[in-house]
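Asker: Just passing along the structure, written as C-alpha cells.
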Amino acid sequence: MAQEKKDVEQITKREEDFAKWYTDVVKKAELIDYSQVKGCVILRPYAYSLWENIQRILDGMFKETGHENVYMPMFIPESLLQKEKDHVEGFAPEVAWVTMGGSEELTERICVRPTSETLFCDHYKNIIKSWRDLPKKYNQWCSVVRWEKATRPFLRHREFLWQEGHTIHATVDEARQETQQMLRIYADFAENYLAMPVVRGQKTEKEKFAGAEETYTIECMMHDKKALQSGTSHYFGDGFAKAFDIKFTDKDNTLKNPYQTSWGMSTRIIGGIIMTHGDDSGLKLPPMVAPVQVMVIPVAQHKEGVIDAADALLETLRLSGIRANIDVSEQSPGWKFAEYEMKGIPLRLEIGPRDIQNGQCLAVRRDTKEKISLNLADIENSVKDLLEKIQKNMFEEAKENLENNTFTAYTTEELKDIIQTKGGFVKAMWCGDESCEIKLKEEAQVSSRCIPFAQETLSEHCVCCGKPAKHMVVWAVAY
C-alpha cells in the first residue's frame, strides 16, 4: 500500500502549482520523454496512440469534405521562402537553417519547414494551368520545426506533429467558404470528440497568421482559466498566388490569379486535453479519443476462473468495437486502480469471484469516480451507454468552467482587476486600433484571443481609449 500512496503523491496538486501538475501528469502518464535536444521530445506509445486517434478522426472529416493527402519535402530553399515578404518576416525568428550537406557548405541555405505554404505554392505553379485544374484541396500530416526559445511539453516544441491543409480556388467565394468550413470542422472536432467547448472568431490584424488576409480561430479555456489557441484557418486571398506567379486561364479565357487557404491543428491539442480535463489523480481522457476506453481489472485473480472470466469480458467488449485492455500483472488491484485513473482511462471494470457468481462486474467512471454494478449479459450496451455519458459529462464540466469564468469589462482597470483576481476570458469592446491592443497587453498582460462571431454590443466605447467601439473582443492570458 505504501507504493500506491507514493505513486499518487508524485502528482502535484493542480490548485497548488498548475504548471508543475501539468509536467507531472505528462511524465507520470508516460506521454513523453525528453530528448538530448532542448524542445524536442519523444512521444511515447500512449501519447502517439492518442495522436493516432485524433489523426484518424480528423483525416476522415477532411476526406468527407473532398480533401486529399499529399506530402511535401521538409526542406525549403531560402530563395523560395523569401518570395512572400510578410510570411517570411513572420517566421524568421523561429526558422532552423541547414548550412552544411555532409562535409560541404551549401551554396544556398535551406530551412527546415516551419510551415509549407511556399512549397505548396511552388507546386501549384507547376500543375495549375486552367480553371479545370481547380480547386486543389490538399492536406499533409507531417512534422515542422520552429526554434522556440521557451519550450513546454505539447504546448511549445521545437519539432511537433501536425496537419496542415492547403487549398487553392478559382474564386474568392470558394476560398472564403473553404476557410469557414474548416474552422467549423475544428470546432466540431474539439467539442464533440475532445469535449472542449470553443469560442469561434476572427483574429485581429496584429494576431493573424503571417501572410494571411484573415485568420479564424477556435479558442479553448483551460482549467487554470488561460486560453489555448486550438485550431486556425487562414484566408490568403491572391497574395501568395501573385508572389509566386500562379495563374490560370479562366472560363472567359483570361489569365487570373487563384485564391488560397491554409488551416492546421497540432499535437498542442493534446496539451489542451490534459489542461481542460485533468485532475489531481492525473489524466482524464474523453472516451471518443482515449487509446483505451475500458480497462478490465481481475480482482483476486489467483482464484480459479477469475482470469478466464476477465478474458471473456475483454473479448466481448472488443468484439463490440470498444477499445478495451486488461491488466493481469502481479501488481495489487489498488495499484492498478491508481495507475489507470492516472492514465485517464474513462472506465474501469472490476471482476472477481463474487461478481462472477452474480453475473456482473463493477464499473468505475473516471470522470465522477462513481461505482455502478453492470450485468454481464448486457455488458456491451451498458458500457457504450456509460462511455456516452462520460463524454457528455466531460463536455458539460468544461463548458461550465468556460461560462463561469467569462466576464465583462468596461474599463482597462476593470479588465486588469478581473485578470489579476479571477483570470478567465474577458469580453470588452475595442475601437480597432492596434495601439490599444498593444497597450492592453502591456498594462493588463492580456492578448486579444479573437473577435467572436457571436458579437455583443456591451457599450459604445473602447475599453482602452474610450473612442467609438467597432468590435467586442475576447481578451485573456494565453499559452
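Going through the C-alpha cells in order, the chains are called A, B, and so on, while each chain numbers its residues from 1 and the ligands are numbered from 1 in the order shown.
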Given only C-alpha atoms, how would the per-residue table for stretch 62-95 of chain A near stretch 127-144 of chain A read, listing every residue at most 9 Å away with its closest atom pair and distance in Å to one decimal, sorted by chain and number, as JSON lines?
Answerer:
{"residue": "A:Phe62", "atom": "CA", "partner": "A:Asn139", "partner_atom": "CA", "distance": 8.1}
{"residue": "A:Gly66", "atom": "CA", "partner": "A:Lys137", "partner_atom": "CA", "distance": 6.9}
{"residue": "A:His67", "atom": "CA", "partner": "A:Lys137", "partner_atom": "CA", "distance": 4.9}
{"residue": "A:Glu68", "atom": "CA", "partner": "A:Tyr138", "partner_atom": "CA", "distance": 5.0}
{"residue": "A:Asn69", "atom": "CA", "partner": "A:Asn139", "partner_atom": "CA", "distance": 4.8}
{"residue": "A:Val70", "atom": "CA", "partner": "A:Gln140", "partner_atom": "CA", "distance": 5.2}
{"residue": "A:Tyr71", "atom": "CA", "partner": "A:Gln140", "partner_atom": "CA", "distance": 5.5}
{"residue": "A:Met72", "atom": "CA", "partner": "A:Gln140", "partner_atom": "CA", "distance": 7.7}
{"residue": "A:Met74", "atom": "CA", "partner": "A:Val144", "partner_atom": "CA", "distance": 7.7}
Asker: Could you write out that same residue set with C-alpha atoms as a PDB file, in the first residue's frame?
Answerer:
ATOM      1  CA  PHE A  62     -11.133  16.073 -44.241  1.00  0.00           C
ATOM      2  CA  GLY A  66     -13.137  16.367 -50.589  1.00  0.00           C
ATOM      3  CA  HIS A  67      -9.569  16.788 -49.345  1.00  0.00           C
ATOM      4  CA  GLU A  68      -6.651  14.598 -50.405  1.00  0.00           C
ATOM      5  CA  ASN A  69      -3.451  13.849 -48.518  1.00  0.00           C
ATOM      6  CA  VAL A  70      -0.096  14.760 -50.047  1.00  0.00           C
ATOM      7  CA  TYR A  71       3.433  15.059 -48.727  1.00  0.00           C
ATOM      8  CA  MET A  72       5.882  17.894 -49.340  1.00  0.00           C
ATOM      9  CA  MET A  74      10.812  19.050 -45.269  1.00  0.00           C
TER      10      MET A  74
END
Asker: List the spatial neighbours of stretch 170-185 of chain A as a PyMOL selection string - criterion: any atom at most 8 Å away, only C-alpha atoms, same-chain residues fewer than 2 positions off excluded.
Answerer: chain A and resi 61+131+134-135+167-168+187-189+216-218+231-235+237+250+257-263
Asker: When DSSP is applied to the backbone of this structure, which of stretch 68-221 of chain A are assigned strand (DSSP E or B)? Write them out as a ChimeraX atom specification.
Answerer: /A:68-69,75-77,96-101,104-112,130,136-145,152,156,159-169,199-202,214-221
Asker: Of the candidates A:Leu349, A:Phe240, A:Asp355, A:Trp162, which one gets nearest to A:Ser382 if we count only C-alpha atoms?
Answerer: A:Leu349
Asker: Using only C-alpha atoms, which protein or nucleic acid residues come within 7 Å of A:Ala290? Drop anything in the same chain fewer than 5 positions from it, and give the result as number ranges by chain.
Answerer: A: 50, 285, 345
Asker: For the residues in the current selection, export C-alpha atoms as a PDB file, in the first residue's frame.
Answerer:
ATOM      1  CA  LEU A  50      -3.834   9.356 -28.683  1.00  0.00           C
ATOM      2  CA  LEU A 285      -9.375  11.355 -21.394  1.00  0.00           C
ATOM      3  CA  ILE A 345      -8.870   5.657 -18.891  1.00  0.00           C
TER       4      ILE A 345
END
Asker: With a distance cut-off of 7 Å and only C-alpha atoms, select the neighbouring residues of A:Pro298, excluding the residue or stretch itself and same-chain residues fewer than 3 positions from it, and output the selection as a ChimeraX atom specification.
Answerer: /A:301,306-307,310,328,350-352
Asker: Would you pick out the contacts of A:Gln82 at 9 Å or less, using only C-alpha atoms, so that residues sharing its chain but fewer than 6 positions from it are not included, and give the list as a PyMOL selection string?
Answerer: chain A and resi 88-89+118
Asker: Taking N, CA and C atoms for each residue, export the selection above as a compact mmCIF listing (two decimals), in the first residue's frame.
Answerer:
# COMPACT_ATOMS: atom_id res chain seq x y z
N VAL A 88 7.65 35.41 -44.64
CA VAL A 88 9.00 35.10 -44.16
C VAL A 88 9.36 35.95 -42.94
N GLU A 89 8.91 37.19 -42.90
CA GLU A 89 9.18 38.04 -41.74
C GLU A 89 8.52 37.48 -40.49
N THR A 118 4.94 27.99 -48.89
CA THR A 118 5.79 28.27 -50.05
C THR A 118 6.00 27.02 -50.91
Asker: Could you go through stretch 59-165 of chain A and tell me which residues DSSP, when run on the backbone, assigns to alpha helix (DSSP H), listing them as a VMD selection string?
Answerer: chain A and resid 59 to 64 78 to 81 85 to 91 117 to 127
Asker: Now that the selection is made, can you save its residues with C-alpha atoms as a PDB file, in the first residue's frame?
Answerer:
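Contents of out_33.pdb, as written:
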ATOM      1  CA  ASP A  59      -8.462  12.658 -41.559  1.00  0.00           C
ATOM      2  CA  GLY A  60     -11.916  11.158 -42.075  1.00  0.00           C
ATOM      3  CA  MET A  61     -13.527  14.579 -41.711  1.00  0.00           C
ATOM      4  CA  PHE A  62     -11.133  16.073 -44.241  1.00  0.00           C
ATOM      5  CA  LYS A  63     -11.738  13.326 -46.778  1.00  0.00           C
ATOM      6  CA  GLU A  64     -15.510  13.601 -46.365  1.00  0.00           C
ATOM      7  CA  GLU A  78      15.942  30.301 -48.718  1.00  0.00           C
ATOM      8  CA  SER A  79      15.136  31.907 -52.074  1.00  0.00           C
ATOM      9  CA  LEU A  80      11.737  30.174 -52.110  1.00  0.00           C
ATOM     10  CA  LEU A  81      10.926  31.200 -48.562  1.00  0.00           C
ATOM     11  CA  LYS A  85       7.695  39.066 -47.687  1.00  0.00           C
ATOM     12  CA  ASP A  86       5.146  39.162 -44.845  1.00  0.00           C
ATOM     13  CA  HIS A  87       5.234  35.393 -44.494  1.00  0.00           C
ATOM     14  CA  VAL A  88       8.998  35.100 -44.160  1.00  0.00           C
ATOM     15  CA  GLU A  89       9.183  38.040 -41.740  1.00  0.00           C
ATOM     16  CA  GLY A  90       6.594  36.372 -39.519  1.00  0.00           C
ATOM     17  CA  PHE A  91       8.588  33.146 -39.276  1.00  0.00           C
ATOM     18  CA  GLU A 117       2.811  27.498 -47.827  1.00  0.00           C
ATOM     19  CA  THR A 118       5.792  28.271 -50.053  1.00  0.00           C
ATOM     20  CA  LEU A 119       6.263  24.621 -51.026  1.00  0.00           C
ATOM     21  CA  PHE A 120       2.617  24.255 -51.988  1.00  0.00           C
ATOM     22  CA  CYS A 121       2.735  27.477 -54.000  1.00  0.00           C
ATOM     23  CA  ASP A 122       5.804  26.304 -55.894  1.00  0.00           C
ATOM     24  CA  HIS A 123       3.964  23.059 -56.690  1.00  0.00           C
ATOM     25  CA  TYR A 124       0.708  24.784 -57.658  1.00  0.00           C
ATOM     26  CA  LYS A 125       2.585  26.920 -60.170  1.00  0.00           C
ATOM     27  CA  ASN A 126       3.613  23.740 -61.997  1.00  0.00           C
ATOM     28  CA  ILE A 127       0.286  21.921 -62.019  1.00  0.00           C
TER      29      ILE A 127
END
Asker: Determine, counting only C-alpha atoms, which protein, DNA and RNA residues have an atom within 9 Å of an atom of A:Asn375; residues of the same chain fewer than 6 positions away are not included. Present the result as a PDB file with C-alpha atoms, in the first residue's frame.
Answerer:
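Saved the output as result_9.pdb:
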ATOM      1  CA  ASN A 358     -23.751 -12.781  -9.514  1.00  0.00           C
ATOM      2  CA  GLY A 359     -23.272 -12.459 -13.282  1.00  0.00           C
ATOM      3  CA  GLN A 360     -21.999  -8.898 -13.043  1.00  0.00           C
ATOM      4  CA  CYS A 361     -18.960  -6.640 -12.789  1.00  0.00           C
ATOM      5  CA  LEU A 362     -18.253  -3.329 -11.091  1.00  0.00           C
ATOM      6  CA  SER A 382     -24.216  -0.822 -20.723  1.00  0.00           C
TER       7      SER A 382
END
Asker: Residues within 8 Å of stretch 13-20 of chain A, please, as a ChimeraX atom specification. Count only C-alpha atoms; anything in the same chain fewer than 3 positions from it doesn't count.
Answerer: /A:23-24,224,279-280
Asker: With only C-alpha atoms as the basis for distance, which of A:Cys464, A:Ile322, A:Val446, A:Cys111 is at the shortest distance from A:Ile418?
Answerer: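 Closest candidate: A:Val446.
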Asker: Can you work out the spacing between atom CA of A:Leu194 and atom CA of A:Pro333 in Å, to one decimal?
Answerer: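 Atom CA of A:Pro333 lies 29.2 Å from atom CA of A:Leu194.
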Asker: Identify which of the residues A:Ile451, A:Ile246, A:Ala444, A:Val289 lies closest to A:Glu414, counting only C-alpha atoms when measuring atom-to-atom distances.
Answerer: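 Ranked by minimum distance to A:Glu414, first place goes to A:Ala444.
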Asker: Tell me, in Å to one decimal, how far atom CA of A:Thr107 is from atom CA of A:Glu84.
Answerer: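 That distance, rounded to one decimal, is 21.3 Å.
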Asker: Which residue, A:Gln445, A:Thr215, A:Thr204, A:Thr411, has the smallest gap to A:His471 when you use only C-alpha atoms?
Answerer: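 Smallest distance to A:His471 is found for A:Thr204.
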Asker: Calculated over only C-alpha atoms, which of the candidates A:Asp327, A:Val477, A:Leu347, A:Val198 has the smallest distance to A:Lys371?
Answerer: A:Leu347
